[in-house]
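Structure data follow from work01.cif (mmCIF, C-alpha atoms):
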data_target
#
loop_
_atom_site.label_atom_id
_atom_site.label_comp_id
_atom_site.auth_asym_id
_atom_site.auth_seq_id
_atom_site.Cartn_x
_atom_site.Cartn_y
_atom_site.Cartn_z
CA MET E 2 12.06 -17.52 1.59
CA SER E 3 10.64 -14.14 0.56
CA ARG E 4 10.98 -11.10 2.82
CA VAL E 5 9.17 -7.81 3.28
CA THR E 6 11.04 -4.98 5.03
CA VAL E 7 9.17 -1.90 6.25
CA VAL E 8 11.13 1.12 4.96
CA VAL E 9 8.56 3.84 5.74
CA ASP E 10 5.65 3.84 8.18
CA ASN E 11 4.10 6.32 10.60
CA LEU E 12 5.99 4.78 13.52
CA VAL E 13 9.42 3.31 14.23
CA ASN E 14 9.01 0.23 16.39
CA HIS E 15 12.29 0.45 18.29
CA VAL E 16 15.06 2.94 19.10
CA SER E 17 17.19 3.26 15.97
CA PRO E 18 18.52 5.76 13.43
CA LEU E 19 15.40 5.14 11.33
CA PHE E 20 12.78 7.85 10.68
CA GLY E 21 8.99 7.62 10.82
CA GLU E 22 6.64 9.73 8.70
CA HIS E 23 3.03 9.66 7.56
CA GLY E 24 3.28 7.20 4.69
CA LEU E 25 4.22 3.70 3.67
CA SER E 26 7.00 1.95 1.76
CA LEU E 27 7.83 -1.77 1.73
CA TRP E 28 10.91 -3.46 0.22
CA VAL E 29 10.07 -6.90 -1.20
CA GLU E 30 12.69 -9.61 -1.83
CA HIS E 31 11.17 -12.50 -3.77
CA GLN E 32 12.90 -15.20 -5.82
CA GLY E 33 15.87 -12.97 -6.59
CA HIS E 34 13.75 -9.92 -7.40
CA ASN E 35 13.92 -6.66 -5.41
CA ILE E 36 10.74 -4.58 -5.68
CA LEU E 37 9.67 -1.48 -3.76
CA TYR E 38 6.00 -1.05 -2.91
CA ASP E 39 5.25 2.67 -2.43
CA THR E 40 7.66 5.45 -1.45
CA GLY E 41 6.16 7.26 1.55
CA MET E 42 5.99 11.07 1.62
CA GLY E 43 9.62 11.37 0.55
CA ARG E 44 11.69 12.63 3.46
CA ALA E 45 12.31 9.29 5.17
CA LEU E 46 12.77 7.02 2.15
CA LEU E 47 16.44 7.50 1.22
CA PRO E 48 17.78 7.87 4.80
CA ASN E 49 15.92 4.72 5.88
CA LEU E 50 17.08 2.76 2.83
CA GLU E 51 20.66 3.68 3.70
CA SER E 52 20.24 2.75 7.37
CA LEU E 53 18.70 -0.58 6.38
CA GLY E 54 21.48 -1.34 3.90
CA LEU E 55 19.13 -1.33 0.91
CA ASP E 56 20.56 0.18 -2.28
CA PRO E 57 18.01 1.87 -4.61
CA ASN E 58 20.11 0.70 -7.57
CA ARG E 59 19.30 -2.91 -6.68
CA LEU E 60 15.61 -2.30 -7.34
CA GLU E 61 14.12 -4.03 -10.35
CA ALA E 62 10.89 -2.03 -10.16
CA LEU E 63 8.59 0.15 -8.08
CA VAL E 64 4.91 -0.63 -7.54
CA LEU E 65 2.54 2.18 -6.50
CA SER E 66 -0.56 1.26 -4.51
CA HIS E 67 -2.50 4.42 -5.43
CA GLY E 68 -2.09 8.08 -6.27
CA HIS E 69 -1.77 9.76 -2.87
CA TYR E 70 1.24 11.90 -1.91
CA ASP E 71 2.07 9.78 1.16
CA HIS E 72 2.68 6.81 -1.14
CA THR E 73 4.14 8.57 -4.18
CA GLY E 74 6.01 11.46 -2.53
CA GLY E 75 9.38 9.70 -2.47
CA LEU E 76 9.39 8.82 -6.16
CA GLU E 77 11.31 11.93 -7.25
CA ALA E 78 14.09 11.31 -4.70
CA LEU E 79 14.21 7.61 -5.56
CA LEU E 80 14.66 8.34 -9.27
CA GLY E 81 17.38 10.87 -8.45
CA ALA E 82 19.28 8.29 -6.39
CA ARG E 83 19.42 5.74 -9.21
CA LYS E 84 21.88 5.31 -12.06
CA GLU E 85 19.30 3.83 -14.44
CA ALA E 86 15.65 4.30 -15.35
CA LEU E 87 13.11 2.57 -13.13
CA PRO E 88 10.06 0.57 -14.25
CA VAL E 89 6.99 1.73 -12.28
CA TYR E 90 3.87 -0.44 -12.11
CA CYS E 91 0.56 1.18 -11.18
CA HIS E 92 -2.98 1.74 -12.36
CA ALA E 93 -3.43 4.67 -14.78
CA GLY E 94 -5.82 6.25 -12.26
CA VAL E 95 -2.83 7.20 -10.09
CA PHE E 96 -2.75 10.45 -12.05
CA ASP E 97 -6.48 11.15 -11.81
CA PRO E 98 -7.47 14.13 -9.60
CA HIS E 99 -7.18 13.17 -5.92
CA LEU E 100 -8.38 15.72 -3.36
CA ALA E 101 -9.29 15.87 0.32
CA ASP E 102 -12.21 17.95 1.58
CA HIS E 103 -12.01 19.13 5.19
CA GLN E 104 -15.02 21.21 6.19
CA GLY E 105 -15.33 22.61 2.70
CA GLN E 106 -11.61 23.31 2.29
CA ARG E 107 -10.18 21.27 -0.58
CA ARG E 108 -6.55 20.41 -1.10
CA GLU E 109 -4.67 18.30 -3.61
CA VAL E 110 -3.41 15.01 -2.20
CA GLY E 111 -2.20 13.39 -5.42
CA PRO E 112 1.36 12.77 -6.65
CA PRO E 113 3.59 15.85 -6.28
CA LEU E 114 4.64 15.72 -9.96
CA THR E 115 2.98 14.86 -13.25
CA GLN E 116 3.46 11.64 -15.17
CA MET E 117 5.54 13.50 -17.76
CA ALA E 118 7.78 15.02 -15.08
CA TYR E 119 8.46 11.62 -13.52
CA GLU E 120 9.20 10.16 -16.95
CA SER E 121 11.75 12.93 -17.56
CA LEU E 122 13.49 11.80 -14.35
CA GLY E 123 13.66 8.15 -15.43
CA ALA E 124 10.30 6.57 -14.52
CA ARG E 125 9.02 4.05 -17.07
CA PHE E 126 5.32 3.51 -16.33
CA ASN E 127 3.59 0.18 -16.87
CA PHE E 128 -0.14 0.55 -16.29
CA VAL E 129 -1.96 -2.39 -14.73
CA GLU E 130 -5.57 -3.38 -15.35
CA ARG E 131 -7.12 -6.19 -13.32
CA TRP E 132 -4.53 -8.94 -12.64
CA ALA E 133 -0.92 -8.70 -13.83
CA ASP E 134 1.91 -11.15 -13.16
CA PRO E 135 5.16 -9.27 -13.90
CA TRP E 136 7.30 -11.64 -11.78
CA PRO E 137 6.94 -15.34 -10.90
CA GLY E 138 4.80 -15.70 -7.78
CA ILE E 139 3.77 -12.03 -7.69
CA THR E 140 0.39 -10.74 -8.89
CA LEU E 141 -0.67 -7.11 -8.96
CA LEU E 142 -4.39 -6.72 -8.21
CA ALA E 143 -6.01 -3.60 -9.67
CA ASP E 144 -9.57 -2.58 -10.46
CA ILE E 145 -10.41 -4.59 -7.34
CA PRO E 146 -14.12 -5.59 -7.40
CA ARG E 147 -16.29 -4.10 -4.66
CA GLN E 148 -18.05 -7.19 -3.32
CA THR E 149 -18.99 -6.14 0.21
CA ASP E 150 -21.87 -3.77 0.94
CA TYR E 151 -20.25 -2.14 3.99
CA GLU E 152 -16.90 -0.98 2.56
CA VAL E 153 -17.75 2.47 1.23
CA PRO E 154 -15.82 5.43 -0.23
CA ALA E 155 -14.35 7.79 2.33
CA PRO E 156 -16.55 10.94 2.17
CA ALA E 157 -13.63 13.32 2.73
CA LEU E 158 -11.66 11.94 -0.25
CA ILE E 159 -13.01 13.27 -3.52
CA THR E 160 -12.28 13.64 -7.20
CA VAL E 161 -13.42 16.13 -9.82
CA ARG E 162 -14.37 15.13 -13.35
CA ASP E 163 -15.91 17.50 -15.90
CA GLY E 164 -16.45 19.98 -13.09
CA GLN E 165 -18.45 17.49 -11.04
CA VAL E 166 -17.33 16.59 -7.51
CA SER E 167 -17.83 13.00 -6.37
CA PRO E 168 -16.35 10.56 -3.85
CA ASP E 169 -13.03 9.26 -5.12
CA PRO E 170 -13.72 5.74 -6.49
CA PHE E 171 -10.04 4.76 -6.18
CA THR E 172 -9.99 2.71 -9.34
CA ASP E 173 -6.20 3.03 -8.92
CA ASP E 174 -6.14 1.05 -5.66
CA LEU E 175 -3.59 -1.72 -6.27
CA ALA E 176 -2.57 -4.57 -3.99
CA MET E 177 0.38 -6.94 -4.34
CA LEU E 178 -0.12 -10.68 -3.89
CA ILE E 179 3.01 -12.70 -3.05
CA GLN E 180 2.81 -16.47 -3.30
CA GLY E 181 5.75 -17.47 -1.13
CA THR E 182 7.19 -20.87 -0.32
CA GLU E 183 5.56 -20.89 3.11
CA ARG E 184 2.40 -18.79 2.71
CA ASN E 185 0.44 -16.31 0.62
CA ALA E 186 0.72 -12.62 1.53
CA VAL E 187 -1.11 -9.51 0.35
CA LEU E 188 0.39 -6.02 0.58
CA THR E 189 -1.92 -3.01 0.70
CA GLY E 190 -1.11 0.69 0.60
CA CYS E 191 -4.35 1.94 2.16
CA ALA E 192 -6.86 -0.65 0.88
CA HIS E 193 -9.16 2.15 -0.29
CA SER E 194 -11.25 -0.46 -2.12
CA GLY E 195 -11.88 -2.14 1.25
CA VAL E 196 -9.56 -4.50 3.06
CA ILE E 197 -12.06 -7.37 2.83
CA ASN E 198 -12.58 -6.72 -0.88
CA VAL E 199 -8.79 -6.92 -1.34
CA LEU E 200 -8.61 -10.21 0.55
CA MET E 201 -11.48 -11.70 -1.42
CA ASP E 202 -9.86 -10.76 -4.73
CA ALA E 203 -6.54 -12.29 -3.65
CA GLU E 204 -8.30 -15.43 -2.44
CA GLN E 205 -9.96 -15.76 -5.82
CA LYS E 206 -6.59 -15.46 -7.56
CA VAL E 207 -4.88 -18.17 -5.48
CA ASP E 208 -8.06 -20.24 -5.14
CA GLY E 209 -7.38 -20.57 -1.45
CA PRO E 210 -6.68 -18.65 1.76
CA VAL E 211 -4.42 -15.67 2.27
CA ASP E 212 -2.14 -16.18 5.28
CA LEU E 213 -0.70 -12.69 5.81
CA LEU E 214 -2.04 -9.17 5.25
CA VAL E 215 0.56 -6.39 5.38
CA GLY E 216 0.15 -2.62 5.08
CA GLY E 217 -2.42 0.11 5.59
CA THR E 218 -6.10 -0.76 6.04
CA HIS E 219 -7.72 2.71 6.18
CA LEU E 220 -9.91 1.34 8.97
CA GLY E 221 -8.88 4.18 11.26
CA PRO E 222 -10.99 6.87 9.52
CA ALA E 223 -13.67 4.42 8.28
CA PRO E 224 -17.30 4.63 9.51
CA GLN E 225 -18.05 2.60 12.65
CA ALA E 226 -20.27 0.16 10.77
CA GLN E 227 -17.46 -0.59 8.34
CA GLN E 228 -14.94 -0.99 11.15
CA LYS E 229 -17.20 -3.41 13.02
CA ALA E 230 -18.04 -5.52 9.95
CA ALA E 231 -14.42 -5.68 8.74
CA LEU E 232 -13.14 -6.68 12.19
CA ALA E 233 -15.73 -9.43 12.41
CA GLU E 234 -14.82 -10.72 8.95
CA LEU E 235 -11.09 -10.67 9.67
CA ALA E 236 -11.70 -12.61 12.89
CA THR E 237 -13.41 -15.42 10.95
CA ARG E 238 -10.21 -16.06 8.98
CA GLY E 239 -8.62 -18.19 11.67
CA THR E 240 -5.22 -18.59 10.00
CA LEU E 241 -4.85 -15.01 8.77
CA GLU E 242 -2.11 -12.87 10.32
CA VAL E 243 -2.40 -9.10 10.01
CA ALA E 244 0.59 -6.74 10.18
CA ALA E 245 -0.99 -3.31 9.82
CA GLY E 246 0.13 0.27 10.18
CA HIS E 247 -0.01 3.69 8.52
CA CYS E 248 -3.72 4.63 8.02
CA THR E 249 -4.91 1.85 10.34
CA GLY E 250 -4.43 4.23 13.26
CA PRO E 251 -3.56 3.43 16.90
CA ILE E 252 -7.14 3.01 18.12
CA MET E 253 -8.04 0.57 15.36
CA ALA E 254 -4.72 -1.22 15.85
CA GLY E 255 -5.78 -1.83 19.44
CA ARG E 256 -9.15 -3.16 18.32
CA LEU E 257 -7.46 -5.42 15.77
CA HIS E 258 -5.25 -6.78 18.53
CA GLN E 259 -8.30 -7.44 20.69
CA ALA E 260 -10.06 -9.25 17.83
CA LEU E 261 -7.09 -11.21 16.49
CA GLY E 262 -4.81 -11.63 19.49
CA GLU E 263 -1.35 -12.87 18.54
CA ARG E 264 -2.39 -12.89 14.89
CA PHE E 265 -2.04 -9.08 14.86
CA SER E 266 1.14 -7.02 14.91
CA TYR E 267 1.90 -3.36 14.20
CA LEU E 268 4.25 -2.65 11.31
CA GLY E 269 6.74 0.03 12.29
CA VAL E 270 9.84 1.01 10.31
CA GLY E 271 12.50 -1.70 10.37
CA THR E 272 10.10 -4.63 10.74
CA VAL E 273 11.01 -7.65 8.62
CA LEU E 274 8.36 -10.22 7.70
CA GLU E 275 9.02 -13.60 6.08
CA VAL E 276 6.64 -14.97 3.47
#

Rewrite the structure of this file - the entire thing - as structure tokens.
Amino acid sequence: MSRVTVVVDNLVNHVSPLFGEHGLSLWVEHQGHNILYDTGMGRALLPNLESLGLDPNRLEALVLSHGHYDHTGGLEALLGARKEALPVYCHAGVFDPHLADHQGQRREVGPPLTQMAYESLGARFNFVERWADPWPGITLLADIPRQTDYEVPAPALITVRDGQVSPDPFTDDLAMLIQGTERNAVLTGCAHSGVINVLMDAEQKVDGPVDLLVGGTHLGPAPQAQQKAALAELATRGTLEVAAGHCTGPIMAGRLHQALGERFSYLGVGTVLEV
């Protein structure tokens, strides 16, 4: 049985010594492999790992879902807590310019350090293009095809190339597909490529249904038309369970619960899911 433990999320789902912060980090145990998916903003990662009894030195690798600070911010602390170098799997676009534009005010929202700086601390980057299978039963999905017409780039998230500002295409958006003994699960950081697009790509890989979706959906700040269409599509997948948090937001979490009933649950730090 494979397990996913929520190490970092916006909320803690019960009274405990665990900390919540804006971000996401998931510890994956699969067929003897220990893999971390994202690192949160950085302040909660190491304290929560200690409280959960998870030793950073047991990690075989880190997978980054995309190049935003609330998913990469804990990498520096994680590398400092380890005795050995750490393989890091991600798309090369993680280090592309990532900015947020709020009423004309731009700010950097990418990784706090450069690729070279992380490498000097012990990161060993492995860049993923399309599908990669670094461990048995685990596929990393990157360059996720945009197949729906309603999942659109977030207008407030931008990039700059050759002096030209454009919506961030999030070519670095990377999901993790786990083919467990009981069911197929997909982990998403924010699903910036569209949560339905992610599901469709995973379904193509396994040539069948996905049973569990875990992580951020970015439906909270999405346009109403996208929210409505994605909810309707998720509802048609009658066996799909959704455990969402982080950028899903409390209002959208409520709407997901209305649409999916008992098939929806909120993540929360300390949650353990079996795959």

| request: Convert the output of the PyMOL selection byres ((chain E and resi 180) around 9) on the shown file into explicit residues, formatted as a PyMOL selection string. | output: chain E and resi 137-140+178-179+181-187+207+276

For C-alpha atoms, I'd like the residues from the last selection saved as a compact mmCIF listing (two decimals), keeping the file's coordinate frame.
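What follows is the written file out.txt:
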# COMPACT_ATOMS: atom_id res chain seq x y z
CA PRO E 137 6.94 -15.34 -10.90
CA GLY E 138 4.80 -15.70 -7.78
CA ILE E 139 3.77 -12.03 -7.69
CA THR E 140 0.39 -10.74 -8.89
CA LEU E 178 -0.12 -10.68 -3.89
CA ILE E 179 3.01 -12.70 -3.05
CA GLY E 181 5.75 -17.47 -1.13
CA THR E 182 7.19 -20.87 -0.32
CA GLU E 183 5.56 -20.89 3.11
CA ARG E 184 2.40 -18.79 2.71
CA ASN E 185 0.44 -16.31 0.62
CA ALA E 186 0.72 -12.62 1.53
CA VAL E 187 -1.11 -9.51 0.35
CA VAL E 207 -4.88 -18.17 -5.48
CA VAL E 276 6.64 -14.97 3.47

| said: Give me the residues near stretch 156-159 of chain E as an MDAnalysis selection string, where near means some atom within 12 Å (using all atoms listed in the file) and where sequence neighbours in that chain fewer than 6 positions away do not count. | reply: chainID E and resid 68:69 97:111 165:171 193 219 222:224

Could those residues be written to a file, using C-alpha atoms, as a PDB file, in the frame of the given file?
ATOM      1  CA  GLY E  68      -2.090   8.080  -6.270  1.00  0.00           C
ATOM      2  CA  HIS E  69      -1.770   9.760  -2.870  1.00  0.00           C
ATOM      3  CA  ASP E  97      -6.480  11.150 -11.810  1.00  0.00           C
ATOM      4  CA  PRO E  98      -7.470  14.130  -9.600  1.00  0.00           C
ATOM      5  CA  HIS E  99      -7.180  13.170  -5.920  1.00  0.00           C
ATOM      6  CA  LEU E 100      -8.380  15.720  -3.360  1.00  0.00           C
ATOM      7  CA  ALA E 101      -9.290  15.870   0.320  1.00  0.00           C
ATOM      8  CA  ASP E 102     -12.210  17.950   1.580  1.00  0.00           C
ATOM      9  CA  HIS E 103     -12.010  19.130   5.190  1.00  0.00           C
ATOM     10  CA  GLN E 104     -15.020  21.210   6.190  1.00  0.00           C
ATOM     11  CA  GLY E 105     -15.330  22.610   2.700  1.00  0.00           C
ATOM     12  CA  GLN E 106     -11.610  23.310   2.290  1.00  0.00           C
ATOM     13  CA  ARG E 107     -10.180  21.270  -0.580  1.00  0.00           C
ATOM     14  CA  ARG E 108      -6.550  20.410  -1.100  1.00  0.00           C
ATOM     15  CA  GLU E 109      -4.670  18.300  -3.610  1.00  0.00           C
ATOM     16  CA  VAL E 110      -3.410  15.010  -2.200  1.00  0.00           C
ATOM     17  CA  GLY E 111      -2.200  13.390  -5.420  1.00  0.00           C
ATOM     18  CA  GLN E 165     -18.450  17.490 -11.040  1.00  0.00           C
ATOM     19  CA  VAL E 166     -17.330  16.590  -7.510  1.00  0.00           C
ATOM     20  CA  SER E 167     -17.830  13.000  -6.370  1.00  0.00           C
ATOM     21  CA  PRO E 168     -16.350  10.560  -3.850  1.00  0.00           C
ATOM     22  CA  ASP E 169     -13.030   9.260  -5.120  1.00  0.00           C
ATOM     23  CA  PRO E 170     -13.720   5.740  -6.490  1.00  0.00           C
ATOM     24  CA  PHE E 171     -10.040   4.760  -6.180  1.00  0.00           C
ATOM     25  CA  HIS E 193      -9.160   2.150  -0.290  1.00  0.00           C
ATOM     26  CA  HIS E 219      -7.720   2.710   6.180  1.00  0.00           C
ATOM     27  CA  PRO E 222     -10.990   6.870   9.520  1.00  0.00           C
ATOM     28  CA  ALA E 223     -13.670   4.420   8.280  1.00  0.00           C
ATOM     29  CA  PRO E 224     -17.300   4.630   9.510  1.00  0.00           C
TER      30      PRO E 224
END

| Restricting the calculation to only C-alpha atoms, which member of E:Asp163, E:Glu152, E:Glu77, E:Asp10 is positioned closest to E:Thr249? | E:Asp10

| field | Expansion of the PyMOL selection byres ((chain E and resi 48) around 12) into residues, as a list in words | value | Val8, Val9, Pro18, Leu19, Phe20, Gly21, Glu22, Gly43, Arg44, Ala45, Leu46, Leu47, Asn49, Leu50, Glu51, Ser52, Leu53, Gly54, Leu55, Asp56, Pro57, Gly75, Ala78, Leu79, Ala82 and Val270 of chain E

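Atom CA of E:Ser17 lies 29.5 Å from atom CA of E:Leu241.
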
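Near (-0.4, 3.3, -15.8), the residues inside the 8 Å limit, counting all atoms listed in the file, come to E:Tyr90, E:Cys91, E:His92, E:Ala93, E:Gly94, E:Val95, E:Phe126, E:Asn127, E:Phe128, E:Val129.
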
Please provide the set of residues having any atom within 8 Å of E:His72, restricted to only C-alpha atoms, with same-chain residues fewer than 6 positions apart removed, written as a PDB file with C-alpha atoms, in the coordinates of the input.
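selection.pdb written:
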ATOM      1  CA  GLY E  24       3.280   7.200   4.690  1.00  0.00           C
ATOM      2  CA  LEU E  25       4.220   3.700   3.670  1.00  0.00           C
ATOM      3  CA  SER E  26       7.000   1.950   1.760  1.00  0.00           C
ATOM      4  CA  ASP E  39       5.250   2.670  -2.430  1.00  0.00           C
ATOM      5  CA  THR E  40       7.660   5.450  -1.450  1.00  0.00           C
ATOM      6  CA  GLY E  41       6.160   7.260   1.550  1.00  0.00           C
ATOM      7  CA  MET E  42       5.990  11.070   1.620  1.00  0.00           C
ATOM      8  CA  LEU E  65       2.540   2.180  -6.500  1.00  0.00           C
ATOM      9  CA  SER E  66      -0.560   1.260  -4.510  1.00  0.00           C
ATOM     10  CA  GLY E 190      -1.110   0.690   0.600  1.00  0.00           C
TER      11      GLY E 190
END

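What separates atom CA of E:Ala118 from atom CA of E:Glu85 is a distance of 16.1 Å.
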
| query | Exactly which residues make up the result of the PyMOL selection byres ((chain E and resi 269) around 8) on this file, given as a ChimeraX atom specification? | reply | /E:7,9-14,246,267-268,270-272

| Using all atoms listed in the file, which of the listed residues (E:Gln148, E:Gln227, E:Ser266, E:Thr218) sits closest to E:Gly250? | E:Thr218

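Taking atom CA of E:His258 as the reference point, atom CA of E:Gln205 is found at 26.4 Å.
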
| Nearest-residue call for E:Arg125, choices E:Glu234, E:Glu61, E:Asp150, E:Asp173, using all atoms listed in the file | E:Glu61

| field | Among listed residues E:Leu27, E:Gly123, E:Thr73, E:Gln228, nearest E:Pro88 (using all atoms listed in the file) | value | E:Gly123

| said: Which residues are near stretch 261-264 of chain E? Cut-off 9 Å, only C-alpha atoms, ignore same chain within fewer than 2 positions. Put them as a VMD selection string. | reply: chain E and resid 232 235 to 236 239 to 244 256 to 259 266

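Neighbouring residues of E:Ala62 at 6 Å or closer, counting all atoms listed in the file and skipping chain neighbours under 4 positions away, are Ile36, Leu87, Pro88 and Val89 of chain E.
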
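Residue nearest E:Arg131, chosen from E:Val215, E:Leu175, E:Gly255, E:Pro154 and counting all atoms listed in the file: E:Leu175.
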
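Considering the residues E:Cys191, E:Gly216, E:Phe96, E:Lys84 and counting all atoms listed in the file, E:Thr160 has its shortest atom-to-atom contact with E:Phe96.
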